[in-house]
Amino acid sequence: MAVKFEWHGDKEINIRKKQLFANMKGAMRFAEKSCKHLVSRGNKGGGNPSLPGEPPKVVIGNLRSSIDTATVKDATGVSGFLGVRKSADAGRYGFWLEFGTSKMAARPYLRPTIINNKDKLFRMIGKRR
């Protein structure tokens, strides 16, 4: 008597890839929401700007509304991106705020979002349903 054992690897791998993609998408939505919250401190009129090293304060909301994510799947895996839409007016000054210029110290908001939520993001990406 023999016992037949089969494993349908391609099917299982495809299921895991779909799960990973969905998890990454959810993690990126969380990161986007967290980042938008970080740049939501009020500064109506711009008279009380953020200090160097602090996340930028909101004046009219262009930066906050331009924060976006993307999730990409390719042959090697899944990648998630958090940033400011290039097509948005805020794209250029979003970069300057994040990294600073020769005349202005950085007011990072993207990197702190990822760093401060790193453990939760990894848990979200790796969870099994």
# chains A, B, ... in the order shown; residues from 1 in each chain; ligands from 1

$ residues_around --residues "range 75-78 of chain A" --least-positions-apart "5" --cutoff "8 Å" --atoms "only C-alpha atoms" --output "PyMOL selection string"
chain A and resi 17+20-21+24

$ write_last_selection --atoms "N, CA and C atoms" --output "compact mmCIF listing (two decimals), in the first residue's frame"
# COMPACT_ATOMS: atom_id res chain seq x y z
N LYS A 17 1.15 35.22 -2.79
CA LYS A 17 1.46 36.49 -3.44
C LYS A 17 0.28 37.45 -3.36
N LEU A 20 0.06 38.70 0.18
CA LEU A 20 1.12 39.66 0.45
C LEU A 20 0.79 41.01 -0.18
N PHE A 21 0.29 40.99 -1.41
CA PHE A 21 -0.07 42.24 -2.08
C PHE A 21 -1.17 42.97 -1.30
N MET A 24 0.29 44.39 1.91
CA MET A 24 1.12 45.56 1.64
C MET A 24 0.24 46.77 1.36

$ residues_around --residues "Arg85 in chain A" --least-positions-apart "6" --cutoff "7 Å" --atoms "only C-alpha atoms" --output "ChimeraX atom specification"
/A:66-68,91

$ write_last_selection --atoms "N, CA and C atoms" --output "compact mmCIF listing (two decimals), in the first residue's frame"
# COMPACT_ATOMS: atom_id res chain seq x y z
N SER A 66 -1.56 65.80 -0.89
CA SER A 66 -0.74 65.20 -1.94
C SER A 66 -0.01 63.94 -1.49
N ILE A 67 -0.06 63.62 -0.20
CA ILE A 67 0.58 62.40 0.29
C ILE A 67 -0.19 61.21 -0.24
N ASP A 68 0.54 60.26 -0.81
CA ASP A 68 -0.11 59.13 -1.47
C ASP A 68 0.78 57.89 -1.35
N GLY A 91 4.66 68.51 -4.59
CA GLY A 91 5.74 67.56 -4.84
C GLY A 91 7.13 68.13 -4.61

$ closest_atom_pairs --of "range 64-124 of chain A" --to "range 41-53 of chain A" --cutoff "10 Å" --atoms "only C-alpha atoms" --output "CSV"
residue,atom,partner,partner_atom,distance
A:Leu97,CA,A:Pro52,CA,9.6
A:Glu98,CA,A:Gly53,CA,9.2
A:Phe99,CA,A:Gly53,CA,9.8
A:Gly100,CA,A:Pro52,CA,9.0
A:Met104,CA,A:Pro52,CA,8.0
A:Ala105,CA,A:Pro52,CA,5.3
A:Ala106,CA,A:Gly53,CA,5.8
A:Arg107,CA,A:Gly53,CA,4.8
A:Pro108,CA,A:Gly53,CA,6.4
A:Tyr109,CA,A:Gly53,CA,9.2

$ closest_residue --among "A:Asn14, A:Ile114, A:Val3, A:Asp89" --to "Ser65 in chain A" --atoms "only C-alpha atoms"
A:Asp89

$ select_by_dssp --residues "chain A" --states "strand (DSSP E)" --output "list in words"
Ile67, Asp68, Thr69, Ala70, Thr71, Val72, Lys73, Asp74, Gly77, Val78, Ser79, Gly80, Phe81, Leu82, Gly83 and Val84 of chain A

$ write_last_selection --atoms "N, CA, C and O atoms" --output "tab-separated table (two decimals), in the first residue's frame"
chain	number	residue	atom	x	y	z
A	67	ILE	N	-0.06	63.62	-0.20
A	67	ILE	CA	0.58	62.40	0.29
A	67	ILE	C	-0.19	61.21	-0.24
A	67	ILE	O	-1.41	61.17	-0.17
A	68	ASP	N	0.54	60.26	-0.81
A	68	ASP	CA	-0.11	59.13	-1.47
A	68	ASP	C	0.78	57.89	-1.35
A	68	ASP	O	1.94	57.98	-0.96
A	69	THR	N	0.20	56.76	-1.69
A	69	THR	CA	0.95	55.50	-1.66
A	69	THR	C	0.76	54.76	-2.97
A	69	THR	O	-0.15	55.05	-3.75
A	70	ALA	N	1.63	53.80	-3.19
A	70	ALA	CA	1.50	52.89	-4.33
A	70	ALA	C	1.99	51.52	-3.87
A	70	ALA	O	2.90	51.42	-3.05
A	71	THR	N	1.36	50.49	-4.38
A	71	THR	CA	1.78	49.12	-4.12
A	71	THR	C	2.00	48.47	-5.47
A	71	THR	O	1.14	48.54	-6.35
A	72	VAL	N	3.18	47.88	-5.66
A	72	VAL	CA	3.58	47.33	-6.95
A	72	VAL	C	3.97	45.87	-6.78
A	72	VAL	O	4.71	45.52	-5.86
A	73	LYS	N	3.49	45.04	-7.70
A	73	LYS	CA	3.83	43.62	-7.70
A	73	LYS	C	4.62	43.34	-8.98
A	73	LYS	O	4.22	43.75	-10.07
A	74	ASP	N	5.76	42.65	-8.83
A	74	ASP	CA	6.51	42.22	-10.01
A	74	ASP	C	7.01	40.79	-9.79
A	74	ASP	O	6.61	40.13	-8.83
A	77	GLY	N	8.65	40.20	-6.22
A	77	GLY	CA	7.92	40.38	-4.98
A	77	GLY	C	6.97	41.56	-5.03
A	77	GLY	O	6.49	41.95	-6.09
A	78	VAL	N	6.73	42.14	-3.87
A	78	VAL	CA	5.79	43.25	-3.72
A	78	VAL	C	6.51	44.41	-3.03
A	78	VAL	O	7.27	44.20	-2.09
A	79	SER	N	6.27	45.62	-3.50
A	79	SER	CA	6.88	46.81	-2.91
A	79	SER	C	5.80	47.83	-2.58
A	79	SER	O	4.82	47.96	-3.32
A	80	GLY	N	5.99	48.54	-1.49
A	80	GLY	CA	5.08	49.62	-1.11
A	80	GLY	C	5.84	50.93	-1.07
A	80	GLY	O	7.00	50.96	-0.67
A	81	PHE	N	5.20	51.99	-1.50
A	81	PHE	CA	5.82	53.31	-1.56
A	81	PHE	C	4.93	54.34	-0.88
A	81	PHE	O	3.72	54.34	-1.09
A	82	LEU	N	5.55	55.21	-0.09
A	82	LEU	CA	4.87	56.32	0.55
A	82	LEU	C	5.58	57.58	0.10
A	82	LEU	O	6.81	57.66	0.17
A	83	GLY	N	4.84	58.56	-0.40
A	83	GLY	CA	5.48	59.78	-0.86
A	83	GLY	C	4.46	60.84	-1.20
A	83	GLY	O	3.30	60.77	-0.82
A	84	VAL	N	4.93	61.84	-1.94
A	84	VAL	CA	4.09	62.94	-2.40
A	84	VAL	C	3.98	62.82	-3.91
A	84	VAL	O	4.98	62.62	-4.59

$ select_by_dssp --residues "range 37-107 of chain A" --states "helix (DSSP H, G or I)" --output "list in words"
His37, Leu38, Lys44, Gly45, Gly46, Asn62, Leu63, Arg64, Ser65, Ser66, Ala90, Gly91, Arg92, Tyr93, Gly94, Phe95, Trp96, Leu97, Glu98 and Phe99 of chain A

$ residues_around --residues "Gly126 in chain A" --least-positions-apart "5" --cutoff "10 Å" --atoms "only C-alpha atoms" --output "ChimeraX atom specification"
/A:19-20,23-24,27,120-121

$ write_last_selection --atoms "N, CA and C atoms" --output "PDB file, in the first residue's frame"
ATOM      1  N   GLN A  19      -2.067  37.427  -1.138  1.00  0.00           N
ATOM      2  CA  GLN A  19      -2.200  37.814   0.266  1.00  0.00           C
ATOM      3  C   GLN A  19      -1.169  38.882   0.623  1.00  0.00           C
ATOM      4  N   LEU A  20       0.059  38.695   0.176  1.00  0.00           N
ATOM      5  CA  LEU A  20       1.120  39.657   0.449  1.00  0.00           C
ATOM      6  C   LEU A  20       0.794  41.009  -0.176  1.00  0.00           C
ATOM      7  N   ASN A  23      -1.917  42.636   1.875  1.00  0.00           N
ATOM      8  CA  ASN A  23      -1.352  43.094   3.151  1.00  0.00           C
ATOM      9  C   ASN A  23      -0.522  44.360   2.965  1.00  0.00           C
ATOM     10  N   MET A  24       0.289  44.388   1.906  1.00  0.00           N
ATOM     11  CA  MET A  24       1.123  45.562   1.638  1.00  0.00           C
ATOM     12  C   MET A  24       0.242  46.769   1.358  1.00  0.00           C
ATOM     13  N   ALA A  27      -1.092  48.012   4.613  1.00  0.00           N
ATOM     14  CA  ALA A  27      -0.032  48.668   5.380  1.00  0.00           C
ATOM     15  C   ALA A  27       0.266  50.051   4.822  1.00  0.00           C
ATOM     16  N   LYS A 120       4.593  47.869  13.451  1.00  0.00           N
ATOM     17  CA  LYS A 120       3.199  47.633  13.050  1.00  0.00           C
ATOM     18  C   LYS A 120       3.111  47.353  11.552  1.00  0.00           C
ATOM     19  N   LEU A 121       3.856  48.101  10.749  1.00  0.00           N
ATOM     20  CA  LEU A 121       3.832  47.878   9.304  1.00  0.00           C
ATOM     21  C   LEU A 121       4.307  46.465   8.957  1.00  0.00           C
TER      22      LEU A 121
END

$ residues_around --residues "Leu38 in chain A" --least-positions-apart "3" --cutoff "9 Å" --atoms "only C-alpha atoms" --output "list in words"
Lys33, Ser34, Cys35, Arg41, Pro55, Pro56, Lys57, Tyr109, Pro112 and Thr113 of chain A

$ decode --residues "range 16-45 of chain A" --atoms "N, CA and C atoms" --output "PDB file, in the first residue's frame"
ATOM      1  N   ARG A  16      -0.327  33.032  -1.777  1.00  0.00           N
ATOM      2  CA  ARG A  16       0.522  33.823  -0.870  1.00  0.00           C
ATOM      3  C   ARG A  16       0.875  35.183  -1.472  1.00  0.00           C
ATOM      4  N   LYS A  17       1.146  35.216  -2.788  1.00  0.00           N
ATOM      5  CA  LYS A  17       1.465  36.492  -3.441  1.00  0.00           C
ATOM      6  C   LYS A  17       0.281  37.450  -3.364  1.00  0.00           C
ATOM      7  N   LYS A  18      -0.924  36.940  -3.607  1.00  0.00           N
ATOM      8  CA  LYS A  18      -2.123  37.780  -3.524  1.00  0.00           C
ATOM      9  C   LYS A  18      -2.318  38.298  -2.103  1.00  0.00           C
ATOM     10  N   GLN A  19      -2.067  37.427  -1.138  1.00  0.00           N
ATOM     11  CA  GLN A  19      -2.200  37.814   0.266  1.00  0.00           C
ATOM     12  C   GLN A  19      -1.169  38.882   0.623  1.00  0.00           C
ATOM     13  N   LEU A  20       0.059  38.695   0.176  1.00  0.00           N
ATOM     14  CA  LEU A  20       1.120  39.657   0.449  1.00  0.00           C
ATOM     15  C   LEU A  20       0.794  41.009  -0.176  1.00  0.00           C
ATOM     16  N   PHE A  21       0.294  40.992  -1.406  1.00  0.00           N
ATOM     17  CA  PHE A  21      -0.071  42.237  -2.080  1.00  0.00           C
ATOM     18  C   PHE A  21      -1.171  42.965  -1.304  1.00  0.00           C
ATOM     19  N   ALA A  22      -2.204  42.228  -0.890  1.00  0.00           N
ATOM     20  CA  ALA A  22      -3.302  42.832  -0.119  1.00  0.00           C
ATOM     21  C   ALA A  22      -2.790  43.376   1.213  1.00  0.00           C
ATOM     22  N   ASN A  23      -1.917  42.636   1.875  1.00  0.00           N
ATOM     23  CA  ASN A  23      -1.352  43.094   3.151  1.00  0.00           C
ATOM     24  C   ASN A  23      -0.522  44.360   2.965  1.00  0.00           C
ATOM     25  N   MET A  24       0.289  44.388   1.906  1.00  0.00           N
ATOM     26  CA  MET A  24       1.123  45.562   1.638  1.00  0.00           C
ATOM     27  C   MET A  24       0.242  46.769   1.358  1.00  0.00           C
ATOM     28  N   LYS A  25      -0.816  46.558   0.591  1.00  0.00           N
ATOM     29  CA  LYS A  25      -1.743  47.656   0.281  1.00  0.00           C
ATOM     30  C   LYS A  25      -2.362  48.218   1.561  1.00  0.00           C
ATOM     31  N   GLY A  26      -2.777  47.332   2.456  1.00  0.00           N
ATOM     32  CA  GLY A  26      -3.339  47.770   3.731  1.00  0.00           C
ATOM     33  C   GLY A  26      -2.321  48.508   4.584  1.00  0.00           C
ATOM     34  N   ALA A  27      -1.092  48.012   4.613  1.00  0.00           N
ATOM     35  CA  ALA A  27      -0.032  48.668   5.380  1.00  0.00           C
ATOM     36  C   ALA A  27       0.266  50.051   4.822  1.00  0.00           C
ATOM     37  N   MET A  28       0.243  50.184   3.517  1.00  0.00           N
ATOM     38  CA  MET A  28       0.505  51.485   2.903  1.00  0.00           C
ATOM     39  C   MET A  28      -0.649  52.462   3.155  1.00  0.00           C
ATOM     40  N   ARG A  29      -1.877  51.973   3.191  1.00  0.00           N
ATOM     41  CA  ARG A  29      -3.016  52.851   3.544  1.00  0.00           C
ATOM     42  C   ARG A  29      -2.845  53.356   4.974  1.00  0.00           C
ATOM     43  N   PHE A  30      -2.418  52.462   5.879  1.00  0.00           N
ATOM     44  CA  PHE A  30      -2.167  52.872   7.265  1.00  0.00           C
ATOM     45  C   PHE A  30      -1.048  53.913   7.320  1.00  0.00           C
ATOM     46  N   ALA A  31       0.027  53.692   6.563  1.00  0.00           N
ATOM     47  CA  ALA A  31       1.149  54.637   6.551  1.00  0.00           C
ATOM     48  C   ALA A  31       0.708  56.003   6.023  1.00  0.00           C
ATOM     49  N   GLU A  32      -0.119  55.993   4.983  1.00  0.00           N
ATOM     50  CA  GLU A  32      -0.618  57.249   4.421  1.00  0.00           C
ATOM     51  C   GLU A  32      -1.441  58.013   5.462  1.00  0.00           C
ATOM     52  N   LYS A  33      -2.330  57.307   6.118  1.00  0.00           N
ATOM     53  CA  LYS A  33      -3.172  57.944   7.145  1.00  0.00           C
ATOM     54  C   LYS A  33      -2.301  58.492   8.283  1.00  0.00           C
ATOM     55  N   SER A  34      -1.310  57.729   8.707  1.00  0.00           N
ATOM     56  CA  SER A  34      -0.412  58.164   9.786  1.00  0.00           C
ATOM     57  C   SER A  34       0.390  59.388   9.374  1.00  0.00           C
ATOM     58  N   CYS A  35       0.867  59.396   8.138  1.00  0.00           N
ATOM     59  CA  CYS A  35       1.663  60.520   7.643  1.00  0.00           C
ATOM     60  C   CYS A  35       0.814  61.781   7.557  1.00  0.00           C
ATOM     61  N   LYS A  36      -0.409  61.647   7.057  1.00  0.00           N
ATOM     62  CA  LYS A  36      -1.305  62.805   6.958  1.00  0.00           C
ATOM     63  C   LYS A  36      -1.637  63.361   8.340  1.00  0.00           C
ATOM     64  N   HIS A  37      -1.768  62.466   9.309  1.00  0.00           N
ATOM     65  CA  HIS A  37      -2.007  62.913  10.685  1.00  0.00           C
ATOM     66  C   HIS A  37      -0.800  63.694  11.209  1.00  0.00           C
ATOM     67  N   LEU A  38       0.406  63.224  10.864  1.00  0.00           N
ATOM     68  CA  LEU A  38       1.638  63.858  11.330  1.00  0.00           C
ATOM     69  C   LEU A  38       1.763  65.300  10.822  1.00  0.00           C
ATOM     70  N   VAL A  39       1.268  65.559   9.618  1.00  0.00           N
ATOM     71  CA  VAL A  39       1.388  66.914   9.051  1.00  0.00           C
ATOM     72  C   VAL A  39       0.094  67.713   9.207  1.00  0.00           C
ATOM     73  N   SER A  40      -0.724  67.372  10.185  1.00  0.00           N
ATOM     74  CA  SER A  40      -2.015  68.041  10.371  1.00  0.00           C
ATOM     75  C   SER A  40      -2.043  69.040  11.519  1.00  0.00           C
ATOM     76  N   ARG A  41      -0.890  69.349  12.094  1.00  0.00           N
ATOM     77  CA  ARG A  41      -0.879  70.375  13.141  1.00  0.00           C
ATOM     78  C   ARG A  41      -1.159  71.721  12.503  1.00  0.00           C
ATOM     79  N   GLY A  42      -2.072  72.467  13.066  1.00  0.00           N
ATOM     80  CA  GLY A  42      -2.515  73.719  12.468  1.00  0.00           C
ATOM     81  C   GLY A  42      -1.506  74.848  12.515  1.00  0.00           C
ATOM     82  N   ASN A  43      -1.554  75.664  11.467  1.00  0.00           N
ATOM     83  CA  ASN A  43      -0.733  76.864  11.378  1.00  0.00           C
ATOM     84  C   ASN A  43      -1.431  77.826  10.416  1.00  0.00           C
ATOM     85  N   LYS A  44      -2.665  78.149  10.734  1.00  0.00           N
ATOM     86  CA  LYS A  44      -3.464  78.996   9.856  1.00  0.00           C
ATOM     87  C   LYS A  44      -2.758  80.321   9.608  1.00  0.00           C
ATOM     88  N   GLY A  45      -2.605  80.632   8.352  1.00  0.00           N
ATOM     89  CA  GLY A  45      -1.948  81.875   7.982  1.00  0.00           C
ATOM     90  C   GLY A  45      -0.436  81.762   7.893  1.00  0.00           C
TER      91      GLY A  45
END
